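Colleague: Structure provided below as structure tokens; questions to follow.
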Amino acid sequence: MVNEILYKEIAGFSKSKNTTLVAVSKIKPASDIQQMYDLGQRDFGENYVQELVEKQAVLPADIIWHFLGHLQSNKVKYIAPFVHLIHSVDSEKLLKEIDKQAAKNHRKINVLLQIHIAEEQTKFGFNEPELMKLDVNLYPNVNITGLMGMATFTDDKEKVKREFEQLKSFYTSFEHVKKVKLDTLSMGMSDDYELAVNCGSNMIRIGSLLFGKRV
Ligand SMILES: *Cc1c(COP(=O)(O)O)cnc(C)c1O
């Protein structure tokens with residue numbers, strides 16, 4: 001079930017801040033996505049390859065699909081024909097495979113590099129030295145358009161704020177050092193999206209506030 005009131009509120013907030021709202025629909029039925037689509041939402045995010053492929057096949061063709069979850073190289077081929085943006089690129093091996101599958105599909109694939117900003121070791125992503133030593137010219141069929149990060153799961157807002165500010169500063173220095181033009185800083189989820197936007201995010205990924213808690 002979609003929370004229509006909250007959806008309209010968050011979509012309005014997002015628009016007023018020039019931010020893209022990605023509705024995170026993982027584990028939720030295609031009917032929920034259709035319901036939000038009918039309210040005007042077009043950007044949806046999924047975490048599991050098979051689930052995304054199944055939903056893409058039955059939902060409207062103009063949905064803009066984002067991939068957010070940890071992506072195994074051997075599964076890139078299933079989403080390469082249609083995915084709009086992969087937020088969760090966390091290794092050079094994965095970049096290489098996305099480049100290869102993009103070429104096979106005669107398209108460029110947009111990606112964000114996932115950066116490890118949280119204290120939890122369970123979260124994936126590049127650290128700062130790994131990010132800065134990446135050779136962005138090795139992947140001609142990949143558009144690296146920005147960075148994505150997830151803050152530590154905590155009530156400590158100051159800590160979350162410091163992590164978001166750190167990601168924003170990586171974003172600025174990556175652009176500067178690599179002489180690339182980025183346009184997307186993907187940070188902020190249900191619990192921290194307003195703080196994220198205040199820290200410079202222009203893409204928020206919201207699931208449970210819009211679709212209800214996942215079980
Ligand atoms: C699940 C998920 C979200 C959405 O989380 P909510 O707390 O439900 O808003 C955002 N980003 C990523 C990478 C996720 O895996």
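In the structure tokens, chains take letters A, B, ... by order of appearance, with residues numbered from 1 within each chain and ligands from 1 in the order shown.
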Write out as a tab-separated table the residues of chain A that have any atom within 10 Å of an atom of ligand 1, one row each with the nearest atom pair and its distance in Å to one decimal, counting only C-alpha atoms and all ligand atoms, sorted by chain and then rising number.

Modeller:
```
residue	atom	partner	partner_atom_place_in_ligand_line	distance
A:Val22	CA	ligand 1	10 (C)	8.5
A:Ala23	CA	ligand 1	4 (C)	8.0
A:Val24	CA	ligand 1	4 (C)	5.4
A:Ser25	CA	ligand 1	1 (C)	8.1
A:Lys26	CA	ligand 1	1 (C)	6.9
A:Ile27	CA	ligand 1	1 (C)	9.4
A:Gly45	CA	ligand 1	10 (C)	8.0
A:Glu46	CA	ligand 1	15 (O)	7.9
A:Asn47	CA	ligand 1	15 (O)	6.2
A:Tyr48	CA	ligand 1	15 (O)	9.6
A:Phe67	CA	ligand 1	13 (C)	8.5
A:Leu68	CA	ligand 1	13 (C)	4.8
A:Gly69	CA	ligand 1	15 (O)	5.6
A:His70	CA	ligand 1	13 (C)	8.4
A:His87	CA	ligand 1	13 (C)	7.7
A:Ser88	CA	ligand 1	13 (C)	7.4
A:Gln114	CA	ligand 1	13 (C)	9.3
A:Lys123	CA	ligand 1	13 (C)	9.6
A:Phe124	CA	ligand 1	13 (C)	9.9
A:Met148	CA	ligand 1	13 (C)	8.4
A:Gly149	CA	ligand 1	13 (C)	7.8
A:Met150	CA	ligand 1	13 (C)	6.9
A:Phe153	CA	ligand 1	7 (O)	9.7
A:Ser186	CA	ligand 1	11 (N)	8.9
A:Met187	CA	ligand 1	11 (N)	8.0
A:Gly188	CA	ligand 1	10 (C)	7.3
A:Met189	CA	ligand 1	9 (O)	4.2
A:Ser190	CA	ligand 1	9 (O)	3.7
A:Asp191	CA	ligand 1	7 (O)	6.2
A:Asp192	CA	ligand 1	7 (O)	8.5
A:Tyr193	CA	ligand 1	9 (O)	8.5
A:Ile204	CA	ligand 1	10 (C)	7.9
A:Arg205	CA	ligand 1	10 (C)	4.6
A:Ile206	CA	ligand 1	9 (O)	3.7
A:Gly207	CA	ligand 1	8 (O)	3.5
A:Ser208	CA	ligand 1	8 (O)	3.7
A:Leu209	CA	ligand 1	9 (O)	6.2
A:Leu210	CA	ligand 1	9 (O)	7.9
A:Phe211	CA	ligand 1	8 (O)	8.2
A:Gly212	CA	ligand 1	8 (O)	8.1
A:Lys213	CA	ligand 1	8 (O)	7.0
A:Arg214	CA	ligand 1	8 (O)	7.4
```

Colleague: Considering only helix (DSSP H, G or I) as DSSP defines it on the backbone, what residues of stretch 8-192 of chain A qualify? List them as a PyMOL selection string.

Modeller: chain A and resi 8-16+30-38+49-58+73-79+92-104+128-132+136-138+157-178

Colleague: Compile the contact shell of A:Arg42 as a PDB file with N, CA, C and O atoms, in the first residue's frame: residues with an atom at most 8 Å away, counting only C-alpha atoms, same-chain residues fewer than 5 positions apart removed.

Modeller:
```pdb
ATOM      1  N   TYR A  37       3.061   5.144  -9.767  1.00  0.00           N
ATOM      2  CA  TYR A  37       3.214   5.607 -11.156  1.00  0.00           C
ATOM      3  C   TYR A  37       1.991   6.444 -11.554  1.00  0.00           C
ATOM      4  O   TYR A  37       2.117   7.510 -12.162  1.00  0.00           O
ATOM      5  N   ASP A  62       8.077   3.428 -19.618  1.00  0.00           N
ATOM      6  CA  ASP A  62       8.783   4.691 -19.381  1.00  0.00           C
ATOM      7  C   ASP A  62       9.220   4.870 -17.921  1.00  0.00           C
ATOM      8  O   ASP A  62       9.666   5.949 -17.526  1.00  0.00           O
ATOM      9  N   ILE A  63       9.147   3.815 -17.136  1.00  0.00           N
ATOM     10  CA  ILE A  63       9.698   3.893 -15.779  1.00  0.00           C
ATOM     11  C   ILE A  63      11.215   4.006 -15.867  1.00  0.00           C
ATOM     12  O   ILE A  63      11.864   3.347 -16.682  1.00  0.00           O
ATOM     13  N   ILE A  64      11.767   4.865 -15.028  1.00  0.00           N
ATOM     14  CA  ILE A  64      13.216   5.073 -14.966  1.00  0.00           C
ATOM     15  C   ILE A  64      13.730   4.214 -13.818  1.00  0.00           C
ATOM     16  O   ILE A  64      13.480   4.511 -12.646  1.00  0.00           O
TER      17      ILE A  64
END
```

Colleague: Neighbouring residues of A:Tyr139 were defined as those with any atom within 8 Å, considering only C-alpha atoms; residues of the same chain fewer than 2 positions away were excluded. Please report them as an MDAnalysis selection string.

Modeller: chainID A and resid 95:96 99 136:137 141:142

Colleague: Would you give me, as a tab-separated table, each residue of stretch 51-135 of chain A having an atom within 12 Å of an atom of stretch 170-183 of chain A, along with its shortest atom pair and that distance in Å to one decimal, using only C-alpha atoms and sorting by chain and residue number?

Modeller:
```
residue	atom	partner	partner_atom	distance
A:Asn110	CA	A:Leu182	CA	11.1
A:Val111	CA	A:Leu182	CA	10.7
A:Leu112	CA	A:Leu182	CA	9.4
A:Leu113	CA	A:Tyr171	CA	10.0
A:Gln114	CA	A:Tyr171	CA	11.1
A:Ile115	CA	A:Phe170	CA	8.9
A:His116	CA	A:Phe170	CA	11.0
A:Ile117	CA	A:Phe170	CA	10.2
A:Phe126	CA	A:Phe170	CA	11.1
A:Asn127	CA	A:Phe170	CA	9.8
A:Glu128	CA	A:Phe170	CA	7.3
A:Pro129	CA	A:Phe170	CA	10.3
A:Glu130	CA	A:Phe174	CA	11.1
A:Leu131	CA	A:Phe174	CA	7.7
A:Met132	CA	A:Phe174	CA	6.6
A:Lys133	CA	A:Lys178	CA	9.3
A:Leu134	CA	A:Lys178	CA	8.9
A:Asp135	CA	A:Lys178	CA	8.4
```

Colleague: Would you export the selected residues with N, CA and C atoms as a PDB file, in the first residue's frame, please?

Modeller:
```pdb
ATOM      1  N   ASN A 110      24.847   4.641 -17.086  1.00  0.00           N
ATOM      2  CA  ASN A 110      25.170   5.620 -16.048  1.00  0.00           C
ATOM      3  C   ASN A 110      25.383   4.916 -14.718  1.00  0.00           C
ATOM      4  N   VAL A 111      26.431   5.304 -14.024  1.00  0.00           N
ATOM      5  CA  VAL A 111      26.666   4.701 -12.715  1.00  0.00           C
ATOM      6  C   VAL A 111      27.069   5.765 -11.691  1.00  0.00           C
ATOM      7  N   LEU A 112      26.839   5.417 -10.439  1.00  0.00           N
ATOM      8  CA  LEU A 112      27.384   6.166  -9.311  1.00  0.00           C
ATOM      9  C   LEU A 112      28.372   5.247  -8.605  1.00  0.00           C
ATOM     10  N   LEU A 113      29.427   5.812  -8.090  1.00  0.00           N
ATOM     11  CA  LEU A 113      30.365   5.034  -7.284  1.00  0.00           C
ATOM     12  C   LEU A 113      29.863   5.070  -5.841  1.00  0.00           C
ATOM     13  N   GLN A 114      29.729   3.878  -5.266  1.00  0.00           N
ATOM     14  CA  GLN A 114      29.284   3.821  -3.873  1.00  0.00           C
ATOM     15  C   GLN A 114      30.483   4.023  -2.955  1.00  0.00           C
ATOM     16  N   ILE A 115      30.326   4.940  -2.021  1.00  0.00           N
ATOM     17  CA  ILE A 115      31.424   5.279  -1.112  1.00  0.00           C
ATOM     18  C   ILE A 115      31.075   4.819   0.297  1.00  0.00           C
ATOM     19  N   HIS A 116      32.040   4.203   0.928  1.00  0.00           N
ATOM     20  CA  HIS A 116      31.824   3.708   2.289  1.00  0.00           C
ATOM     21  C   HIS A 116      32.042   4.854   3.275  1.00  0.00           C
ATOM     22  N   ILE A 117      30.921   5.401   3.808  1.00  0.00           N
ATOM     23  CA  ILE A 117      31.047   6.506   4.769  1.00  0.00           C
ATOM     24  C   ILE A 117      30.608   6.086   6.164  1.00  0.00           C
ATOM     25  N   PHE A 126      33.719   2.007  -2.002  1.00  0.00           N
ATOM     26  CA  PHE A 126      35.118   2.425  -2.063  1.00  0.00           C
ATOM     27  C   PHE A 126      35.434   3.297  -0.851  1.00  0.00           C
ATOM     28  N   ASN A 127      36.670   3.246  -0.369  1.00  0.00           N
ATOM     29  CA  ASN A 127      37.108   4.264   0.591  1.00  0.00           C
ATOM     30  C   ASN A 127      37.795   5.388  -0.198  1.00  0.00           C
ATOM     31  N   GLU A 128      38.200   6.437   0.485  1.00  0.00           N
ATOM     32  CA  GLU A 128      38.696   7.616  -0.223  1.00  0.00           C
ATOM     33  C   GLU A 128      39.937   7.325  -1.077  1.00  0.00           C
ATOM     34  N   PRO A 129      40.968   6.644  -0.533  1.00  0.00           N
ATOM     35  CA  PRO A 129      42.141   6.368  -1.384  1.00  0.00           C
ATOM     36  C   PRO A 129      41.800   5.544  -2.624  1.00  0.00           C
ATOM     37  N   GLU A 130      40.911   4.571  -2.467  1.00  0.00           N
ATOM     38  CA  GLU A 130      40.513   3.754  -3.633  1.00  0.00           C
ATOM     39  C   GLU A 130      39.800   4.609  -4.670  1.00  0.00           C
ATOM     40  N   LEU A 131      38.951   5.511  -4.183  1.00  0.00           N
ATOM     41  CA  LEU A 131      38.220   6.405  -5.084  1.00  0.00           C
ATOM     42  C   LEU A 131      39.199   7.281  -5.869  1.00  0.00           C
ATOM     43  N   MET A 132      40.169   7.839  -5.166  1.00  0.00           N
ATOM     44  CA  MET A 132      41.065   8.799  -5.794  1.00  0.00           C
ATOM     45  C   MET A 132      42.052   8.134  -6.753  1.00  0.00           C
ATOM     46  N   LYS A 133      42.273   6.847  -6.591  1.00  0.00           N
ATOM     47  CA  LYS A 133      43.204   6.219  -7.532  1.00  0.00           C
ATOM     48  C   LYS A 133      42.514   5.516  -8.711  1.00  0.00           C
ATOM     49  N   LEU A 134      41.196   5.593  -8.764  1.00  0.00           N
ATOM     50  CA  LEU A 134      40.476   5.016  -9.904  1.00  0.00           C
ATOM     51  C   LEU A 134      40.876   5.710 -11.204  1.00  0.00           C
ATOM     52  N   ASP A 135      41.063   4.915 -12.242  1.00  0.00           N
ATOM     53  CA  ASP A 135      41.288   5.500 -13.563  1.00  0.00           C
ATOM     54  C   ASP A 135      39.951   5.539 -14.305  1.00  0.00           C
TER      55      ASP A 135
END
```

Colleague: Could you pull the residues within 12 Å of A:Lys104, counting only C-alpha atoms, minus those fewer than 3 positions along the same chain, as a count of residues only?

Modeller: 14

Colleague: Given only C-alpha atoms as the basis, pick out the residue of A:Asn143, A:Leu59, A:Thr154, A:Lys93 nearest to A:Asn74.

Modeller: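 Nearest candidate to A:Asn74 out of A:Asn143, A:Leu59, A:Thr154, A:Lys93: A:Lys93.
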
Colleague: What is the atom CA of A:Pro140 to atom CA of A:Thr184 distance in Å?

Modeller: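 One can read the atom CA of A:Pro140 to atom CA of A:Thr184 distance as 19.0 Å.
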